[in-house]
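Colleague: My structure is in structure33.pdb, and what it holds is PDB, C-alpha atoms, pLDDT in the B column:
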```pdb
ATOM      1  CA  MET A  12      99.693  98.937 118.408  1.00 53.00           C
ATOM      2  CA  GLU A  13      98.232  95.873 116.701  1.00 61.00           C
ATOM      3  CA  ILE A  14      98.061  97.729 113.383  1.00 67.00           C
ATOM      4  CA  ILE A  15     101.691  98.838 113.703  1.00 65.00           C
ATOM      5  CA  TYR A  16     102.761  95.280 114.560  1.00 68.00           C
ATOM      6  CA  PHE A  17     100.827  93.959 111.566  1.00 67.00           C
ATOM      7  CA  LEU A  18     102.430  96.501 109.195  1.00 69.00           C
ATOM      8  CA  LEU A  19     105.906  95.674 110.494  1.00 70.00           C
ATOM      9  CA  HIS A  20     105.248  91.969 109.966  1.00 70.00           C
ATOM     10  CA  LEU A  21     103.969  92.721 106.463  1.00 73.00           C
ATOM     11  CA  LEU A  22     107.164  94.625 105.695  1.00 72.00           C
ATOM     12  CA  LYS A  23     109.353  91.864 107.099  1.00 73.00           C
ATOM     13  CA  ASP A  24     107.605  88.860 105.559  1.00 77.00           C
ATOM     14  CA  PRO A  25     104.843  89.736 103.070  1.00 79.00           C
ATOM     15  CA  LEU A  26     104.553  86.155 101.771  1.00 81.00           C
ATOM     16  CA  SER A  27     103.838  84.591 105.179  1.00 82.00           C
ATOM     17  CA  THR A  28     101.521  87.451 106.133  1.00 84.00           C
ATOM     18  CA  LEU A  29      99.547  87.014 102.947  1.00 86.00           C
ATOM     19  CA  GLN A  30      99.421  83.241 103.381  1.00 85.00           C
ATOM     20  CA  ASP A  31      98.000  83.598 106.905  1.00 87.00           C
ATOM     21  CA  PHE A  32      95.486  86.185 105.743  1.00 87.00           C
ATOM     22  CA  LEU A  33      94.368  83.923 102.891  1.00 88.00           C
ATOM     23  CA  VAL A  34      93.824  81.002 105.283  1.00 87.00           C
ATOM     24  CA  HIS A  35      91.711  83.017 107.713  1.00 87.00           C
ATOM     25  CA  TYR A  36      89.821  85.389 105.422  1.00 86.00           C
ATOM     26  CA  GLU A  37      89.790  83.638 102.006  1.00 84.00           C
ATOM     27  CA  THR A  38      88.076  85.850  99.374  1.00 88.00           C
ATOM     28  CA  PHE A  39      88.373  88.969 101.576  1.00 90.00           C
ATOM     29  CA  THR A  40      92.087  88.714 100.737  1.00 90.00           C
ATOM     30  CA  TYR A  41      91.294  90.449  97.433  1.00 94.00           C
ATOM     31  CA  VAL A  42      90.119  93.511  99.351  1.00 92.00           C
ATOM     32  CA  PHE A  43      93.154  93.390 101.636  1.00 90.00           C
ATOM     33  CA  ILE A  44      95.659  93.248  98.769  1.00 92.00           C
ATOM     34  CA  ALA A  45      93.911  95.994  96.809  1.00 93.00           C
ATOM     35  CA  THR A  46      93.860  98.192  99.921  1.00 92.00           C
ATOM     36  CA  ILE A  47      97.608  97.774 100.478  1.00 90.00           C
ATOM     37  CA  ILE A  48      98.367  98.672  96.853  1.00 92.00           C
ATOM     38  CA  PHE A  49      96.024 101.672  97.088  1.00 92.00           C
ATOM     39  CA  VAL A  50      97.582 102.899 100.340  1.00 88.00           C
ATOM     40  CA  GLU A  51     101.151 102.519  99.065  1.00 86.00           C
ATOM     41  CA  THR A  52     100.429 104.526  95.915  1.00 86.00           C
ATOM     42  CA  GLY A  53      97.745 106.847  97.282  1.00 84.00           C
ATOM     43  CA  LEU A  54      98.908 107.958 100.726  1.00 81.00           C
ATOM     44  CA  ILE A  55     102.125 109.919 100.577  1.00 73.00           C
ATOM     45  CA  VAL A  56     102.833 109.240 104.259  1.00 70.00           C
ATOM     46  CA  MET A  57     103.024 105.444 103.686  1.00 72.00           C
ATOM     47  CA  PRO A  58     105.830 104.924 101.130  1.00 67.00           C
ATOM     48  CA  LEU A  59     107.400 101.888 102.830  1.00 71.00           C
ATOM     49  CA  LEU A  60     104.683  99.311 102.187  1.00 76.00           C
ATOM     50  CA  PRO A  61     105.974  96.279 100.216  1.00 76.00           C
ATOM     51  CA  GLY A  62     104.396  96.829  96.793  1.00 80.00           C
ATOM     52  CA  ASP A  63     106.803  94.768  94.668  1.00 84.00           C
ATOM     53  CA  SER A  64     107.106  91.858  97.071  1.00 84.00           C
ATOM     54  CA  LEU A  65     103.348  91.839  97.680  1.00 88.00           C
ATOM     55  CA  LEU A  66     102.599  91.598  93.952  1.00 91.00           C
ATOM     56  CA  PHE A  67     105.113  88.790  93.557  1.00 89.00           C
ATOM     57  CA  ALA A  68     103.637  86.972  96.564  1.00 88.00           C
ATOM     58  CA  VAL A  69     100.118  87.349  95.152  1.00 92.00           C
ATOM     59  CA  GLY A  70     101.178  85.772  91.873  1.00 91.00           C
ATOM     60  CA  LEU A  71     103.039  82.990  93.660  1.00 89.00           C
ATOM     61  CA  LEU A  72     100.066  82.136  95.883  1.00 89.00           C
ATOM     62  CA  ALA A  73      97.632  82.308  92.975  1.00 91.00           C
ATOM     63  CA  SER A  74      99.743  79.688  91.215  1.00 88.00           C
ATOM     64  CA  SER A  75     100.600  77.435  94.152  1.00 85.00           C
ATOM     65  CA  THR A  76      97.293  77.472  96.075  1.00 86.00           C
ATOM     66  CA  GLY A  77      94.650  78.167  93.432  1.00 85.00           C
ATOM     67  CA  LYS A  78      92.753  80.277  95.995  1.00 89.00           C
ATOM     68  CA  LEU A  79      93.385  83.545  94.144  1.00 91.00           C
ATOM     69  CA  ASP A  80      92.224  84.045  90.561  1.00 94.00           C
ATOM     70  CA  ILE A  81      94.936  85.734  88.513  1.00 94.00           C
ATOM     71  CA  GLN A  82      92.315  86.993  86.020  1.00 94.00           C
ATOM     72  CA  ILE A  83      90.614  88.884  88.841  1.00 95.00           C
ATOM     73  CA  ILE A  84      93.645  90.000  90.802  1.00 95.00           C
ATOM     74  CA  ILE A  85      95.523  91.721  87.958  1.00 96.00           C
ATOM     75  CA  PRO A  86      92.765  94.143  86.810  1.00 96.00           C
ATOM     76  CA  LEU A  87      91.758  94.690  90.450  1.00 96.00           C
ATOM     77  CA  LEU A  88      95.252  95.752  91.460  1.00 96.00           C
ATOM     78  CA  ILE A  89      95.751  97.888  88.363  1.00 96.00           C
ATOM     79  CA  GLY A  90      92.563  99.703  89.354  1.00 96.00           C
ATOM     80  CA  ALA A  91      93.755 100.053  92.970  1.00 95.00           C
ATOM     81  CA  ALA A  92      97.095 101.478  91.818  1.00 94.00           C
ATOM     82  CA  LEU A  93      95.412 103.968  89.485  1.00 94.00           C
ATOM     83  CA  LEU A  94      92.956 105.053  92.178  1.00 94.00           C
ATOM     84  CA  GLY A  95      95.852 105.566  94.580  1.00 91.00           C
ATOM     85  CA  ASP A  96      97.778 107.574  91.993  1.00 90.00           C
ATOM     86  CA  ASN A  97      94.851 109.903  91.405  1.00 91.00           C
ATOM     87  CA  VAL A  98      94.253 110.469  95.119  1.00 91.00           C
ATOM     88  CA  ASN A  99      97.945 111.236  95.575  1.00 87.00           C
ATOM     89  CA  HIS A 100      97.903 113.549  92.539  1.00 87.00           C
ATOM     90  CA  PHE A 101      94.946 115.428  94.040  1.00 88.00           C
ATOM     91  CA  VAL A 102      96.778 115.799  97.371  1.00 84.00           C
ATOM     92  CA  GLY A 103      99.859 117.120  95.584  1.00 81.00           C
ATOM     93  CA  LYS A 104      97.810 119.621  93.599  1.00 81.00           C
ATOM     94  CA  HIS A 105      95.891 121.032  96.558  1.00 81.00           C
ATOM     95  CA  PHE A 106      98.116 120.416  99.605  1.00 75.00           C
ATOM     96  CA  GLY A 107     101.631 120.332  98.133  1.00 67.00           C
ATOM     97  CA  SER A 108     102.850 123.433  99.958  1.00 70.00           C
ATOM     98  CA  PHE A 109     101.659 122.148 103.342  1.00 70.00           C
ATOM     99  CA  VAL A 110     103.316 118.731 102.977  1.00 66.00           C
ATOM    100  CA  LYS A 111     106.572 120.279 101.729  1.00 65.00           C
ATOM    101  CA  SER A 112     106.664 122.536 104.795  1.00 70.00           C
ATOM    102  CA  ARG A 113     106.919 119.496 107.123  1.00 70.00           C
ATOM    103  CA  LYS A 114     110.284 117.859 107.710  1.00 69.00           C
ATOM    104  CA  GLN A 115     108.690 114.461 108.306  1.00 63.00           C
ATOM    105  CA  ILE A 116     105.167 113.000 108.526  1.00 59.00           C
ATOM    106  CA  LEU A 117     105.003 109.399 109.780  1.00 54.00           C
ATOM    107  CA  PHE A 118     107.270 107.371 107.439  1.00 54.00           C
ATOM    108  CA  PHE A 119     107.505 110.215 104.926  1.00 60.00           C
ATOM    109  CA  LYS A 120     110.495 112.577 104.782  1.00 63.00           C
ATOM    110  CA  ARG A 121     110.648 115.875 102.919  1.00 67.00           C
ATOM    111  CA  GLU A 122     113.876 114.831 101.180  1.00 68.00           C
ATOM    112  CA  TYR A 123     111.878 112.203  99.269  1.00 66.00           C
ATOM    113  CA  ILE A 124     110.108 115.056  97.429  1.00 69.00           C
ATOM    114  CA  THR A 125     113.389 116.737  96.519  1.00 70.00           C
ATOM    115  CA  GLN A 126     114.796 113.500  95.115  1.00 68.00           C
ATOM    116  CA  THR A 127     111.646 112.773  93.112  1.00 67.00           C
ATOM    117  CA  GLU A 128     111.461 116.324  91.717  1.00 69.00           C
ATOM    118  CA  ALA A 129     115.025 115.895  90.438  1.00 72.00           C
ATOM    119  CA  PHE A 130     114.016 112.547  88.956  1.00 68.00           C
ATOM    120  CA  TYR A 131     111.093 114.166  87.091  1.00 70.00           C
ATOM    121  CA  GLY A 132     113.305 116.965  85.865  1.00 69.00           C
ATOM    122  CA  LYS A 133     115.710 114.461  84.349  1.00 71.00           C
ATOM    123  CA  HIS A 134     113.293 111.957  82.790  1.00 68.00           C
ATOM    124  CA  GLY A 135     110.163 114.021  82.006  1.00 69.00           C
ATOM    125  CA  GLY A 136     106.854 112.246  81.395  1.00 72.00           C
ATOM    126  CA  LYS A 137     108.399 108.789  81.176  1.00 77.00           C
ATOM    127  CA  ALA A 138     109.440 109.257  84.816  1.00 77.00           C
ATOM    128  CA  VAL A 139     105.835 108.380  85.736  1.00 82.00           C
ATOM    129  CA  ILE A 140     106.358 104.921  84.214  1.00 85.00           C
ATOM    130  CA  ILE A 141     109.894 104.427  85.514  1.00 81.00           C
ATOM    131  CA  ALA A 142     108.958 105.590  89.019  1.00 81.00           C
ATOM    132  CA  ARG A 143     106.296 102.882  89.253  1.00 86.00           C
ATOM    133  CA  PHE A 144     109.040 100.266  89.558  1.00 84.00           C
ATOM    134  CA  ILE A 145     111.070 102.081  92.242  1.00 81.00           C
ATOM    135  CA  PRO A 146     110.036 101.746  95.919  1.00 78.00           C
ATOM    136  CA  ILE A 147     109.290 105.043  97.735  1.00 78.00           C
ATOM    137  CA  ILE A 148     109.612 107.069  94.517  1.00 78.00           C
ATOM    138  CA  ARG A 149     106.432 105.477  93.124  1.00 83.00           C
ATOM    139  CA  THR A 150     104.587 106.815  96.189  1.00 82.00           C
ATOM    140  CA  ILE A 151     106.022 110.319  95.871  1.00 80.00           C
ATOM    141  CA  ALA A 152     105.820 110.603  92.067  1.00 81.00           C
ATOM    142  CA  PRO A 153     102.035 111.198  91.772  1.00 84.00           C
ATOM    143  CA  PHE A 154     102.236 113.832  94.516  1.00 81.00           C
ATOM    144  CA  VAL A 155     105.074 115.652  92.729  1.00 79.00           C
ATOM    145  CA  ALA A 156     103.201 115.435  89.409  1.00 79.00           C
ATOM    146  CA  GLY A 157     100.156 117.025  91.048  1.00 79.00           C
ATOM    147  CA  ALA A 158     102.213 119.748  92.721  1.00 76.00           C
ATOM    148  CA  GLY A 159     104.153 120.456  89.526  1.00 71.00           C
ATOM    149  CA  SER A 160     103.281 121.736  86.060  1.00 65.00           C
ATOM    150  CA  MET A 161     102.572 118.417  84.301  1.00 71.00           C
ATOM    151  CA  LYS A 162      99.146 118.465  82.635  1.00 79.00           C
ATOM    152  CA  TYR A 163      96.712 115.891  83.974  1.00 84.00           C
ATOM    153  CA  LEU A 164      95.974 114.281  80.582  1.00 86.00           C
ATOM    154  CA  LYS A 165      99.661 113.640  79.973  1.00 82.00           C
ATOM    155  CA  TYR A 166     100.087 112.364  83.510  1.00 84.00           C
ATOM    156  CA  ILE A 167      97.167 109.927  83.414  1.00 89.00           C
ATOM    157  CA  ILE A 168      98.284 108.368  80.110  1.00 90.00           C
ATOM    158  CA  PHE A 169     101.734 107.588  81.511  1.00 89.00           C
ATOM    159  CA  CYS A 170     100.097 106.564  84.784  1.00 90.00           C
ATOM    160  CA  ILE A 171      97.887 103.927  83.121  1.00 93.00           C
ATOM    161  CA  ILE A 172     100.822 102.512  81.172  1.00 93.00           C
ATOM    162  CA  GLY A 173     102.996 102.363  84.293  1.00 91.00           C
ATOM    163  CA  ALA A 174     100.351 100.755  86.517  1.00 93.00           C
ATOM    164  CA  THR A 175      99.543  98.121  83.893  1.00 95.00           C
ATOM    165  CA  LEU A 176     103.182  97.220  83.296  1.00 92.00           C
ATOM    166  CA  TRP A 177     104.028  97.145  87.019  1.00 92.00           C
ATOM    167  CA  VAL A 178     101.140  95.008  88.236  1.00 94.00           C
ATOM    168  CA  THR A 179     101.120  92.649  85.256  1.00 95.00           C
ATOM    169  CA  SER A 180     104.857  92.004  85.004  1.00 90.00           C
ATOM    170  CA  ILE A 181     105.589  91.357  88.679  1.00 90.00           C
ATOM    171  CA  THR A 182     102.380  89.438  89.433  1.00 93.00           C
ATOM    172  CA  LEU A 183     102.791  87.158  86.405  1.00 93.00           C
ATOM    173  CA  THR A 184     106.442  86.597  87.274  1.00 89.00           C
ATOM    174  CA  GLY A 185     105.359  85.320  90.677  1.00 88.00           C
ATOM    175  CA  TYR A 186     102.576  83.280  89.060  1.00 92.00           C
ATOM    176  CA  PHE A 187     104.825  81.454  86.605  1.00 89.00           C
ATOM    177  CA  LEU A 188     107.560  80.880  89.181  1.00 84.00           C
ATOM    178  CA  GLY A 189     105.100  79.850  91.894  1.00 72.00           C
ATOM    179  CA  SER A 190     105.735  76.108  91.499  1.00 71.00           C
ATOM    180  CA  ASN A 191     109.505  76.469  91.826  1.00 77.00           C
ATOM    181  CA  GLU A 192     110.687  75.302  95.264  1.00 77.00           C
ATOM    182  CA  TRP A 193     113.874  77.388  95.167  1.00 81.00           C
ATOM    183  CA  VAL A 194     111.815  80.528  94.545  1.00 76.00           C
ATOM    184  CA  LYS A 195     109.530  79.719  97.484  1.00 72.00           C
ATOM    185  CA  HIS A 196     112.494  79.334  99.839  1.00 75.00           C
ATOM    186  CA  ASN A 197     114.369  82.364  98.504  1.00 77.00           C
ATOM    187  CA  PHE A 198     111.466  84.772  98.207  1.00 73.00           C
ATOM    188  CA  GLU A 199     113.348  87.869  99.430  1.00 71.00           C
ATOM    189  CA  LYS A 200     116.265  87.292  97.043  1.00 76.00           C
ATOM    190  CA  VAL A 201     113.962  86.951  94.057  1.00 75.00           C
ATOM    191  CA  VAL A 202     112.075  90.153  94.918  1.00 70.00           C
ATOM    192  CA  LEU A 203     115.323  92.075  95.372  1.00 72.00           C
ATOM    193  CA  GLY A 204     116.426  90.739  91.999  1.00 75.00           C
ATOM    194  CA  ILE A 205     113.217  91.997  90.383  1.00 69.00           C
ATOM    195  CA  VAL A 206     113.664  95.448  91.913  1.00 65.00           C
ATOM    196  CA  PHE A 207     117.302  95.552  90.776  1.00 71.00           C
ATOM    197  CA  VAL A 208     116.424  94.603  87.191  1.00 68.00           C
ATOM    198  CA  SER A 209     113.637  97.207  87.104  1.00 62.00           C
ATOM    199  CA  ILE A 210     115.996 100.047  88.070  1.00 63.00           C
ATOM    200  CA  MET A 211     118.857  98.928  85.807  1.00 67.00           C
ATOM    201  CA  PRO A 212     117.972 101.539  83.130  1.00 59.00           C
ATOM    202  CA  ILE A 213     118.336 104.287  85.745  1.00 60.00           C
ATOM    203  CA  ILE A 214     121.642 102.875  86.992  1.00 64.00           C
ATOM    204  CA  TRP A 215     122.909 102.675  83.415  1.00 64.00           C
ATOM    205  CA  GLN A 216     121.798 106.238  82.664  1.00 58.00           C
ATOM    206  CA  PHE A 217     123.481 107.520  85.835  1.00 58.00           C
ATOM    207  CA  ALA A 218     126.727 105.678  85.026  1.00 64.00           C
ATOM    208  CA  ARG A 219     126.681 106.919  81.424  1.00 63.00           C
ATOM    209  CA  VAL A 220     126.273 110.546  82.513  1.00 56.00           C
ATOM    210  CA  LYS A 221     129.117 110.187  85.016  1.00 60.00           C
ATOM    211  CA  LEU A 222     131.406 108.689  82.375  1.00 63.00           C
ATOM    212  CA  LEU A 223     130.594 111.435  79.861  1.00 58.00           C
ATOM    213  CA  LYS A 224     131.447 114.094  82.448  1.00 59.00           C
ATOM    214  CA  GLN A 225     134.904 112.638  83.079  1.00 56.00           C
ATOM    215  CA  PRO A 226     137.734 114.620  81.403  1.00 52.00           C
ATOM    216  CA  GLN A 227     139.121 112.892  78.337  1.00 47.00           C
ATOM    217  CA  SER A 228     142.791 111.897  78.531  1.00 45.00           C
ATOM    218  CA  ILE A 229     145.114 113.007  75.746  1.00 42.00           C
TER     219      ILE A 229
END
```
Would you mind writing the structure in this file as structure tokens?
Modeller:
Amino acid sequence: MEIIYFLLHLLKDPLSTLQDFLVHYETFTYVFIATIIFVETGLIVMPLLPGDSLLFAVGLLASSTGKLDIQIIIPLLIGAALLGDNVNHFVGKHFGSFVKSRKQILFFKREYITQTEAFYGKHGGKAVIIARFIPIIRTIAPFVAGAGSMKYLKYIIFCIIGATLWVTSITLTGYFLGSNEWVKHNFEKVVLGIVFVSIMPIIWQFARVKLLKQPQSI
């Protein structure tokens, strides 16, 4: 029950949770953050962990407290994300049929796979990069890649690019905005804004396809 309560609090307020953890456990916070990023990307049954907001909070705290070294945290979290991706890819390759046969496992629903498979079909290899910036889909994407026909070499190249861009961009955004008081008091709004901007290309592509399908008036 304590673990469930902690996860719910992390989902609700990742900045405060991370602040408290940093106060009590100091350098062990590096392990904690890396574990969360690994679990979110590596365990298909845990797609609801706050990856984007956690990265932003890490950057913000590194800037405002000086207790986290940004030069350590960025490569550490890129490594954690890549390790998670490869574990998830392995699960998809070897246990894809079993997971697909279940309607729901913990926080994971079978419909997430269907949506992600459609996403891959539309965007191809670059979907690995795009998916990294979309909550839930970034957890399902490595699994679908493993269960599908994408060759591992192609997958891992896109995977490295996506992990590097995701961790670096969001963490540094939090780092450089960490001294801004408005950002500190409007943390949730800023994170939602980051997520919205990251999925804008998908929204634009969807809108463009819809407009092209509309019958032309004479």
Colleague: Considering only C-alpha atoms, can you say which of A:Glu37, A:Asp80, A:Asp63, A:Glu192 comes closest to A:Arg143?
Modeller: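 Ranked by minimum distance to A:Arg143, first place goes to A:Asp63.
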Colleague: Quick one: pull the distance between atom CA of A:Ile147 and atom CA of A:Leu22, Å, one decimal.
Modeller: 13.3 Å
Colleague: Excluding same-chain residues fewer than 4 positions from A:Ser64, what lies within 10 Å of it counting all atoms listed in the file, as a short mmCIF file (atom, residue, chain, number, x, y, z; two decimals) with C-alpha atoms, in the frame of the given file?
Modeller:
```cif
data_model
loop_
_atom_site.label_atom_id
_atom_site.label_comp_id
_atom_site.auth_asym_id
_atom_site.auth_seq_id
_atom_site.Cartn_x
_atom_site.Cartn_y
_atom_site.Cartn_z
CA LEU A 21 103.97 92.72 106.46
CA LEU A 22 107.16 94.62 105.70
CA ASP A 24 107.60 88.86 105.56
CA PRO A 25 104.84 89.74 103.07
CA LEU A 26 104.55 86.16 101.77
CA LEU A 60 104.68 99.31 102.19
CA ALA A 68 103.64 86.97 96.56
CA VAL A 69 100.12 87.35 95.15
CA GLY A 70 101.18 85.77 91.87
CA ILE A 181 105.59 91.36 88.68
CA THR A 182 102.38 89.44 89.43
CA GLY A 185 105.36 85.32 90.68
CA PHE A 198 111.47 84.77 98.21
CA GLU A 199 113.35 87.87 99.43
CA VAL A 201 113.96 86.95 94.06
CA VAL A 202 112.08 90.15 94.92
CA LEU A 203 115.32 92.08 95.37
CA ILE A 205 113.22 92.00 90.38
CA VAL A 206 113.66 95.45 91.91
#
```
Colleague: Rounded to one decimal place, report the atom CA of A:Phe109-atom CA of A:Pro146 distance in Å.
Modeller: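 Separating atom CA of A:Phe109 from atom CA of A:Pro146 is a distance of 23.3 Å.
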Colleague: Would you work out the distance separating atom CA of A:Ala152 from atom CA of A:Val139, expressed in Å to one decimal?
Modeller: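 About the pair atom CA of A:Ala152 and atom CA of A:Val139: they are 6.7 Å apart.
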Colleague: Can you pull out the residues contacting stretch 51-55 of chain A? Cut-off 7 Å, using all atoms listed in the file, and skip same-chain residues under 2 positions away; I want them as a PyMOL selection string.
Modeller: chain A and resi 47-49+57-58+60+62+92+95-96+98-99+119+149-151
Colleague: Which residue is closest to A:Ile84? Choose from A:Asn97, A:Thr125, A:Gln30, A:Thr38 and count only C-alpha atoms.
Modeller: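 Smallest separation from A:Ile84 among the options: A:Thr38.
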Colleague: Tell me which residues come within 12 Å of (98.0, 77.8, 93.5), as a list in words, counting all atoms listed in the file in the file's coordinates.
Modeller: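 Taken together, the residues in range are Gln30, Leu33, Ala68, Val69, Gly70, Leu71, Leu72, Ala73, Ser74, Ser75, Thr76, Gly77, Lys78, Leu79, Asp80, Ile81, Gly185, Tyr186, Phe187, Leu188, Gly189, Ser190 and Asn191 of chain A.
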Colleague: Between A:Val56, A:Ala158, A:Ala129, A:Val50, which is the closest to A:His100 once you count only C-alpha atoms?
Modeller: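 Closest residue, counting only C-alpha atoms: A:Ala158.
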Colleague: Compare A:Lys133, A:Phe39, A:Ile44, A:Ile172 by their minimum atom-to-atom distance to A:Phe67, counting all atoms listed in the file, and give me the closest one.
Modeller: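 Using all atoms listed in the file, the shortest distance to A:Phe67 belongs to A:Ile44.
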Colleague: Pick out the closest residue to A:Ile83 from this set: A:Thr179, A:Leu164, A:Ile140, A:Phe106. Count only C-alpha atoms.
Modeller: A:Thr179
Colleague: I need the residue nearest A:Ile85 from this list: A:Ile148, A:Val155, A:Ile168, A:Leu66. Use all atoms listed in the file for the distance.
Modeller: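 Comparing A:Ile148, A:Val155, A:Ile168, A:Leu66 against A:Ile85, the winner is A:Leu66.
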Colleague: Please write out, as AutoDock Vina command-line options, where the centre of an axis-aligned box around all listed atoms of stretch 167-172 of chain A lies and how long its edges are, in Å to one decimal, after adding 5 Å on each side.
Modeller:
```
--center_x 99.5 --center_y 106.2 --center_z 82.4 --size_x 14.6 --size_y 17.4 --size_z 14.7
```
Colleague: Show which residues sit within 10 Å of A:Met161, as a PDB file with C-alpha atoms, keeping the file's coordinate frame. Count only C-alpha atoms, and ignore same-chain residues fewer than 5 positions away.
Modeller:
```pdb
ATOM      1  CA  TYR A 131     111.093 114.166  87.091  1.00 70.00           C
ATOM      2  CA  GLY A 135     110.163 114.021  82.006  1.00 69.00           C
ATOM      3  CA  GLY A 136     106.854 112.246  81.395  1.00 72.00           C
ATOM      4  CA  VAL A 155     105.074 115.652  92.729  1.00 79.00           C
ATOM      5  CA  ALA A 156     103.201 115.435  89.409  1.00 79.00           C
ATOM      6  CA  TYR A 166     100.087 112.364  83.510  1.00 84.00           C
TER       7      TYR A 166
END
```
